[in-house]
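K.L.:
model_36.txt is reproduced in full below (compact mmCIF, C-alpha atoms).
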```txt
# COMPACT_ATOMS: atom_id res chain seq x y z
CA MET A 1 3.99 18.77 -3.27
CA ARG A 2 5.33 18.72 0.28
CA THR A 3 6.30 15.06 -0.09
CA PHE A 4 8.09 15.85 -3.35
CA GLY A 5 9.98 18.69 -1.66
CA LEU A 6 11.07 16.47 1.21
CA GLU A 7 12.20 13.80 -1.23
CA PHE A 8 14.21 16.37 -3.17
CA ILE A 9 15.92 17.53 0.03
CA ARG A 10 16.69 13.92 0.95
CA LEU A 11 18.30 13.36 -2.45
CA CYS A 12 20.37 16.53 -2.06
CA LEU A 13 21.66 15.29 1.30
CA TRP A 14 22.49 11.87 -0.17
CA LEU A 15 24.29 13.53 -3.07
CA ALA A 16 26.41 15.53 -0.63
CA VAL A 17 27.27 12.36 1.33
CA LEU A 18 28.15 10.40 -1.82
CA ALA A 19 30.29 13.25 -3.16
CA ALA A 20 32.11 13.53 0.18
CA ILE A 21 32.93 9.81 0.00
CA PHE A 22 33.75 9.23 -3.66
CA ILE A 23 35.46 12.44 -4.76
CA PRO A 24 38.36 12.00 -2.27
CA LEU A 25 38.59 8.26 -3.05
CA GLU A 26 38.83 8.94 -6.78
CA LYS A 27 41.47 11.58 -6.18
CA LEU A 28 43.59 9.33 -3.96
CA TRP A 29 43.19 6.05 -5.86
CA GLY A 30 42.09 7.27 -9.29
CA LEU A 31 42.36 4.82 -12.15
CA HIS A 32 42.29 7.54 -14.82
CA ARG A 33 43.18 11.21 -14.46
CA GLN A 34 39.81 12.95 -14.63
CA LYS A 35 38.44 16.29 -13.54
CA VAL A 36 35.73 16.43 -10.93
CA PHE A 37 33.82 18.88 -13.13
CA ARG A 38 34.11 16.66 -16.16
CA LYS A 39 32.15 16.69 -19.40
CA ALA A 40 28.45 15.85 -18.96
CA LEU A 41 28.57 16.32 -15.17
CA GLY A 42 25.55 18.63 -15.30
CA ALA A 43 23.52 16.10 -17.28
CA ASP A 44 24.44 13.32 -14.84
CA LEU A 45 23.22 15.46 -11.95
CA VAL A 46 19.87 15.83 -13.70
CA TYR A 47 19.80 12.06 -14.21
CA TYR A 48 20.58 11.58 -10.51
CA PHE A 49 17.38 13.34 -9.51
CA SER A 50 15.19 12.00 -12.32
CA ALA A 51 16.37 8.42 -11.72
CA ASN A 52 15.32 8.62 -8.09
CA LEU A 53 12.09 10.60 -8.42
CA LEU A 54 10.34 9.47 -11.62
CA PRO A 55 10.43 5.65 -11.26
CA ARG A 56 8.99 5.79 -7.77
CA LEU A 57 5.96 7.68 -9.05
CA VAL A 58 5.43 5.68 -12.24
CA LEU A 59 6.06 2.18 -10.83
CA VAL A 60 3.29 2.26 -8.24
CA LEU A 61 0.51 1.20 -10.63
CA PRO A 62 2.33 -1.51 -12.68
CA MET A 63 3.88 -3.07 -9.57
CA SER A 64 0.51 -3.15 -7.80
CA MET A 65 -1.08 -4.80 -10.85
CA ALA A 66 1.75 -7.34 -11.10
CA ALA A 67 1.53 -8.14 -7.39
CA ALA A 68 -2.23 -8.59 -7.57
CA ALA A 69 -1.93 -10.91 -10.60
CA LEU A 70 0.74 -13.02 -8.89
CA HIS A 71 -1.35 -13.35 -5.74
CA ARG A 72 -4.20 -14.77 -7.81
CA VAL A 73 -2.12 -17.63 -9.21
CA THR A 74 0.05 -18.38 -6.17
CA PRO A 75 -1.39 -20.27 -3.17
CA SER A 76 -1.76 -18.06 -0.11
CA ALA A 77 -0.13 -20.80 1.99
CA PHE A 78 3.09 -20.29 0.03
CA TYR A 79 3.10 -16.57 0.82
CA ASP A 80 2.41 -17.35 4.47
CA TRP A 81 5.39 -19.71 4.54
CA THR A 82 7.83 -17.27 2.93
CA ALA A 83 6.56 -14.45 5.15
CA GLY A 84 7.43 -16.62 8.16
CA LEU A 85 11.07 -17.07 7.14
CA PRO A 86 13.69 -15.33 9.30
CA ALA A 87 14.23 -11.78 8.08
CA ALA A 88 17.89 -12.35 7.22
CA ILE A 89 17.08 -15.38 5.06
CA ARG A 90 14.22 -13.61 3.31
CA ILE A 91 16.39 -10.57 2.55
CA GLY A 92 19.24 -12.77 1.28
CA LEU A 93 16.92 -14.77 -0.99
CA ALA A 94 15.28 -11.56 -2.20
CA LEU A 95 18.68 -10.12 -3.12
CA ILE A 96 19.48 -13.22 -5.19
CA ALA A 97 16.05 -13.35 -6.86
CA GLY A 98 16.12 -9.65 -7.61
CA GLU A 99 19.66 -9.84 -8.95
CA ILE A 100 18.74 -12.67 -11.33
CA GLY A 101 15.80 -10.63 -12.59
CA ALA A 102 18.02 -7.57 -13.00
CA TYR A 103 20.67 -9.66 -14.78
CA TRP A 104 18.22 -10.73 -17.49
CA ALA A 105 16.75 -7.25 -17.77
CA HIS A 106 20.26 -5.91 -18.31
CA ARG A 107 21.17 -8.65 -20.79
CA TRP A 108 17.96 -8.14 -22.77
CA SER A 109 18.68 -4.41 -22.80
CA HIS A 110 21.88 -5.18 -24.72
CA ARG A 111 20.40 -7.84 -26.99
CA ILE A 112 17.04 -6.35 -28.01
CA PRO A 113 17.27 -3.16 -30.11
CA LEU A 114 14.01 -1.83 -28.70
CA LEU A 115 15.56 -1.84 -25.21
CA TRP A 116 19.12 -0.99 -26.26
CA ARG A 117 18.10 2.38 -27.70
CA PHE A 118 17.26 3.44 -24.11
CA HIS A 119 20.11 1.61 -22.39
CA ALA A 120 22.69 3.08 -24.79
CA VAL A 121 22.32 6.38 -22.92
CA HIS A 122 23.99 4.78 -19.91
CA HIS A 123 26.81 3.41 -22.06
CA SER A 124 27.46 6.73 -23.75
CA ALA A 125 29.78 7.75 -20.89
CA GLU A 126 33.39 7.82 -22.11
CA GLU A 127 34.67 8.69 -18.63
CA LEU A 128 33.55 6.56 -15.70
CA ASP A 129 33.11 7.77 -12.17
CA TRP A 130 30.63 7.21 -9.34
CA LEU A 131 27.98 9.59 -10.70
CA VAL A 132 27.72 7.77 -14.04
CA ASN A 133 25.66 5.23 -12.11
CA SER A 134 22.75 7.67 -12.36
CA ARG A 135 22.99 8.21 -16.13
CA ALA A 136 20.03 6.17 -17.33
CA HIS A 137 16.92 6.83 -19.38
CA PRO A 138 13.71 6.63 -17.29
CA VAL A 139 12.37 3.84 -19.53
CA ASP A 140 15.55 1.85 -18.92
CA ILE A 141 15.19 2.29 -15.16
CA LEU A 142 11.52 1.33 -15.16
CA PHE A 143 12.14 -1.87 -17.11
CA THR A 144 15.03 -2.92 -14.86
CA ARG A 145 13.11 -2.17 -11.65
CA LEU A 146 10.14 -4.20 -12.86
CA CYS A 147 12.32 -7.19 -13.72
CA THR A 148 14.06 -6.89 -10.35
CA MET A 149 10.92 -6.78 -8.25
CA ILE A 150 8.70 -9.31 -10.03
CA PRO A 151 10.81 -12.40 -9.08
CA MET A 152 10.72 -11.29 -5.44
CA TYR A 153 6.94 -10.92 -5.59
CA ALA A 154 6.48 -14.21 -7.44
CA LEU A 155 8.47 -16.08 -4.79
CA GLY A 156 6.70 -14.34 -1.93
CA LEU A 157 9.94 -12.79 -0.71
CA ALA A 158 8.34 -9.35 -0.84
CA GLN A 159 4.77 -8.66 0.23
CA PRO A 160 3.59 -5.54 -1.62
CA LEU A 161 -0.07 -6.12 -0.73
CA ALA A 162 0.55 -6.52 2.99
CA ARG A 163 -1.03 -4.06 5.38
CA ASN A 164 2.34 -2.96 6.72
CA VAL A 165 5.15 -1.57 4.59
CA ASP A 166 7.44 -4.41 3.49
CA LEU A 167 11.05 -3.34 3.92
CA VAL A 168 12.50 -6.16 1.79
CA PRO A 169 12.08 -4.51 -1.65
CA VAL A 170 13.12 -1.19 -0.11
CA LEU A 171 16.35 -2.68 1.24
CA VAL A 172 17.09 -4.48 -2.04
CA THR A 173 16.64 -1.22 -3.97
CA ILE A 174 18.82 0.75 -1.54
CA VAL A 175 21.63 -1.82 -1.55
CA GLY A 176 21.58 -2.08 -5.33
CA THR A 177 21.58 1.68 -5.83
CA LEU A 178 24.38 2.40 -3.37
CA TRP A 179 26.50 -0.45 -4.71
CA GLY A 180 25.98 0.92 -8.20
CA PHE A 181 27.82 4.12 -7.26
CA PHE A 182 30.75 2.05 -6.01
CA ILE A 183 31.17 -0.19 -9.06
CA HIS A 184 31.18 2.82 -11.40
CA ALA A 185 33.81 4.63 -9.34
CA ASN A 186 37.07 5.71 -10.97
CA VAL A 187 39.32 3.75 -8.58
CA ASN A 188 42.12 1.28 -9.28
CA TRP A 189 41.28 -1.18 -6.51
CA ARG A 190 41.40 -4.97 -6.91
CA PHE A 191 39.98 -7.45 -4.38
CA GLY A 192 41.40 -10.86 -5.32
CA TRP A 193 39.05 -13.81 -4.82
CA LEU A 194 36.27 -11.52 -3.55
CA GLU A 195 35.77 -10.37 -7.14
CA TRP A 196 34.15 -13.73 -7.86
CA ILE A 197 31.59 -13.25 -5.08
CA VAL A 198 30.60 -9.58 -5.19
CA SER A 199 30.87 -7.08 -8.04
CA THR A 200 33.70 -4.54 -7.98
CA PRO A 201 34.77 -1.54 -10.06
CA ALA A 202 37.08 -3.75 -12.13
CA PHE A 203 34.23 -6.16 -12.88
CA HIS A 204 31.79 -3.45 -13.94
CA HIS A 205 34.32 -1.32 -15.82
CA TRP A 206 34.70 -4.24 -18.21
CA HIS A 207 30.96 -4.06 -18.82
CA HIS A 208 31.45 -0.46 -20.00
CA THR A 209 34.50 -1.15 -22.13
CA ASN A 210 34.72 -0.18 -25.76
CA ASP A 211 38.16 -1.72 -26.30
CA SER A 212 37.13 -4.27 -28.93
CA PRO A 213 34.03 -6.22 -30.07
CA GLU A 214 35.40 -9.41 -28.49
CA VAL A 215 34.99 -8.09 -24.95
CA LEU A 216 31.62 -6.34 -25.28
CA ASP A 217 28.39 -7.45 -23.62
CA ARG A 218 29.85 -9.07 -20.51
CA ASN A 219 29.36 -8.72 -16.76
CA TYR A 220 25.66 -7.87 -16.56
CA ALA A 221 25.23 -8.47 -12.82
CA SER A 222 25.33 -5.40 -10.63
CA LEU A 223 25.97 -7.15 -7.31
CA LEU A 224 26.64 -10.89 -7.72
CA PRO A 225 29.17 -11.69 -10.47
CA TRP A 226 28.79 -15.44 -10.01
CA ILE A 227 25.44 -15.07 -11.80
CA ASP A 228 27.41 -14.05 -14.90
CA LYS A 229 29.59 -17.10 -14.32
CA CYS A 230 26.49 -19.32 -14.32
CA PHE A 231 25.20 -17.84 -17.59
CA GLY A 232 28.55 -17.65 -19.40
CA THR A 233 29.01 -13.87 -19.50
CA PHE A 234 31.71 -13.44 -16.84
CA TYR A 235 34.89 -11.64 -17.95
CA LEU A 236 37.54 -10.30 -15.59
CA PRO A 237 41.17 -10.12 -16.76
CA PRO A 238 43.91 -8.78 -14.46
CA ARG A 239 43.86 -5.31 -16.06
CA TYR A 240 41.30 -2.53 -16.47
CA PRO A 241 39.89 -1.57 -19.89
CA GLU A 242 41.46 1.32 -21.78
CA ARG A 243 38.38 2.86 -23.42
CA TYR A 244 34.74 3.31 -22.45
CA GLY A 245 31.59 4.26 -24.30
CA THR A 246 29.60 2.89 -27.22
CA ASP A 247 29.67 3.14 -31.00
CA THR A 248 25.90 3.63 -30.97
CA PRO A 249 25.13 7.31 -31.71
CA VAL A 250 23.76 9.04 -28.62
CA ALA A 251 22.76 12.70 -28.51
CA GLU A 252 25.13 14.94 -26.56
CA ASP A 253 22.39 17.18 -25.18
CA LEU A 254 20.10 16.09 -22.37
CA ALA A 255 16.86 16.68 -24.27
CA GLY A 256 18.11 14.57 -27.16
CA GLN A 257 19.08 11.73 -24.82
CA PHE A 258 15.56 11.72 -23.37
CA LEU A 259 13.66 12.08 -26.66
CA ASP A 260 15.80 10.47 -29.39
CA PRO A 261 15.23 6.89 -28.19
CA ILE A 262 11.49 7.50 -28.64
CA PHE A 263 11.21 9.85 -31.61
CA GLY A 264 14.66 10.32 -33.13
CA ALA A 265 17.68 8.41 -34.39
CA GLY A 266 17.39 5.72 -31.73
CA ALA A 267 13.84 4.87 -32.77
CA LYS A 268 14.82 4.78 -36.46
CA ALA A 269 17.71 2.42 -35.67
CA VAL A 270 15.24 0.01 -34.07
CA ARG A 271 12.88 0.15 -37.02
CA ASP A 272 15.76 -0.65 -39.36
CA ALA A 273 17.24 -3.38 -37.14
CA SER A 274 16.78 -6.98 -38.22
CA PRO A 275 16.46 -9.50 -36.69
CA ILE A 276 15.06 -8.46 -33.31
CA PHE A 277 17.72 -10.52 -31.58
CA PRO A 278 21.01 -9.60 -33.31
CA ASP A 279 23.89 -12.01 -33.53
CA SER A 280 26.54 -11.70 -30.85
```
Would you mind writing the file's structure down as structure tokens?
P.N.:
Amino acid sequence: MRTFGLEFIRLCLWLAVLAAIFIPLEKLWGLHRQKVFRKALGADLVYYFSANLLPRLVLVLPMSMAAAALHRVTPSAFYDWTAGLPAAIRIGLALIAGEIGAYWAHRWSHRIPLLWRFHAVHHSAEELDWLVNSRAHPVDILFTRLCTMIPMYALGLAQPLARNVDLVPVLVTIVGTLWGFFIHANVNWRFGWLEWIVSTPAFHHWHHTNDSPEVLDRNYASLLPWIDKCFGTFYLPPRYPERYGTDTPVAEDLAGQFLDPIFGAGAKAVRDASPIFPDS
């Protein structure tokens, strides 16, 4: 209980820091005129805490099992070699491996109805700002985290079974989470050629667009947009989208957003969907 309390205090402090950074930025360079106390702000605050507390507790067992299974099929000499790489190289390779895993988790979450019913909660936001980054169903977060970490474990870039705490997966998670707040921010910045190398608000806003069917399901990467370029899903015109959100029905209340994907309309939509992989 004490650990949980300390973690809650840490998240409160981080929330204060993030708000102190992004609220002034969105006021000075706002893309759309939006209120700070916008619709669904309270729900997004709940998501902020649940997204950072629940996965950490639930992921311990499946990640330990996955790591143990991978260690059984991968030669120990390979893990010794990757563990001996310079820290900067190992962190860089882990970021790339984790980002590729996250890319496919994100893409599958759009393509497979079973996963989309949870991921649609994130896309229900019709106004984008930094805090929307936290709006995600716990099942959606768990699936993405698993897909992010497993490639790092498989390649020996993270050592979850080591005696000492491995900081590589911790750093990858921190970088990805903090960058997620930035790319959701309601700012009108453009970065020229850098937008091909690292994701930006313009890049990710087009992922959330609801302008027309022709521009949906693009820009899945959260950090490295050139991965979308490699897999043919990159889209970045010189303007920002006009509308956000999804046509998929999502409950307006917090309880409905948590439960409907499992028991309600979201689950029924999956049962009625055919085929499993819809045309795009």
K.L.:
Take the point (22.9, -3.3, -5.2) as written in the file and pick out every residue within 9 Å of it, counting only C-alpha atoms; give the list as a list in words.
P.N.:
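Those residues lying close to the given coordinates are Leu95, Glu99, Val172, Thr173, Ile174, Val175, Gly176, Thr177, Leu178, Trp179, Gly180, Ser222, Leu223 and Leu224 of chain A.
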K.L.:
Within 6 Å of range 235-251 of chain A, counting all atoms listed in the file, which residues qualify if same-chain residues fewer than 5 places away don't, as a PyMOL selection string?
P.N.:
chain A and resi 123-126+203+208-211+256-257
K.L.:
So the first atom is CA of Ile112 in chain A and the second is CA of Leu259 in chain A; what is the distance between them in Å, to one decimal place?
P.N.:
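Separation between CA of Ile112 in chain A and CA of Leu259 in chain A: 18.8 Å.
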K.L.:
Any idea what's packed within 7 Å of range 142-150 of chain A, counting only C-alpha atoms, ignoring anything in its chain fewer than 3 positions away? Could you give it as an NGL selection string?
P.N.:
:A and (55 or 98-99 or 101-102 or 105-106 or 138-139 or 153-154)
K.L.:
Pick from A:His184, A:Val36, A:Leu6, A:Ala97: nearest to Pro169 in chain A, with all atoms listed in the file counted?
P.N.:
A:Ala97
K.L.:
Report, in Å with one decimal, the straight-line distance from CA of His110 in chain A to CA of Ala136 in chain A.
P.N.:
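Answer for the CA of His110 in chain A to CA of Ala136 in chain A separation: 13.7 Å.
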K.L.:
Would you kindly return, as a PyMOL selection string, each protein, DNA or RNA residue with an atom no farther than 12 Å from any atom of Ala77 in chain A, considering all atoms listed in the file and excluding same-chain residues fewer than 6 positions away?
P.N.:
chain A and resi 71+83-84+155-156
K.L.:
Do you have the CA of Ala40 in chain A-CA of Phe258 in chain A distance handy?
P.N.:
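It comes out at 14.2 Å.
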K.L.:
Which one of A:Ile89, A:Ala19, A:Leu167, A:Met152 sits closest to Phe37 in chain A if you count only C-alpha atoms?
P.N.:
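Comparing A:Ile89, A:Ala19, A:Leu167, A:Met152 against Phe37 in chain A, the winner is A:Ala19.
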K.L.:
I need the residue nearest Ile9 in chain A from this list: A:Leu194, A:Phe49, A:Trp116, A:Ile96. Use only C-alpha atoms for the distance.
P.N.:
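Of the candidates, the smallest distance to Ile9 in chain A is held by A:Phe49.
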K.L.:
Excluding Ala43 in chain A and any residue of its chain fewer than 4 positions from it, enumerate the residues within 10 Å of it, using only C-alpha atoms, and give them as a list in words.
P.N.:
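The filter keeps Lys39, Tyr47, Tyr48, Val132, Ser134, Arg135, Glu252, Asp253, Leu254, Ala255 and Gln257 of chain A.
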K.L.:
Selection from above, C-alpha atoms, as a short mmCIF file (atom, residue, chain, number, x, y, z; two decimals), keeping the file's coordinate frame, can you write it?
P.N.:
```cif
data_model
loop_
_atom_site.label_atom_id
_atom_site.label_comp_id
_atom_site.auth_asym_id
_atom_site.auth_seq_id
_atom_site.Cartn_x
_atom_site.Cartn_y
_atom_site.Cartn_z
CA LYS A 39 32.15 16.69 -19.40
CA TYR A 47 19.80 12.06 -14.21
CA TYR A 48 20.58 11.58 -10.51
CA VAL A 132 27.72 7.77 -14.04
CA SER A 134 22.75 7.67 -12.36
CA ARG A 135 22.99 8.21 -16.13
CA GLU A 252 25.13 14.94 -26.56
CA ASP A 253 22.39 17.18 -25.18
CA LEU A 254 20.10 16.09 -22.37
CA ALA A 255 16.86 16.68 -24.27
CA GLN A 257 19.08 11.73 -24.82
#
```
K.L.:
Hey, what's within 9 Å of Thr233 in chain A if we count only C-alpha atoms and toss same-chain stuff fewer than 6 positions away? As a list in words, please?
P.N.:
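The residues that qualify are Asp217, Arg218, Asn219, Tyr220 and Ile227 of chain A.
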K.L.:
Pick out the closest residue to Leu54 in chain A from this set: A:Leu114, A:Gly92, A:Ile141, A:Leu25. Count all atoms listed in the file.
P.N.:
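Result for the nearest residue to Leu54 in chain A: A:Ile141.
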K.L.:
So, counting all atoms listed in the file, which residue among A:Glu7, A:Asp80, A:Asp140, A:Ala87 is closest to Ser109 in chain A?
P.N.:
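Once distances to Ser109 in chain A are computed over all atoms listed in the file, the minimum belongs to A:Asp140.
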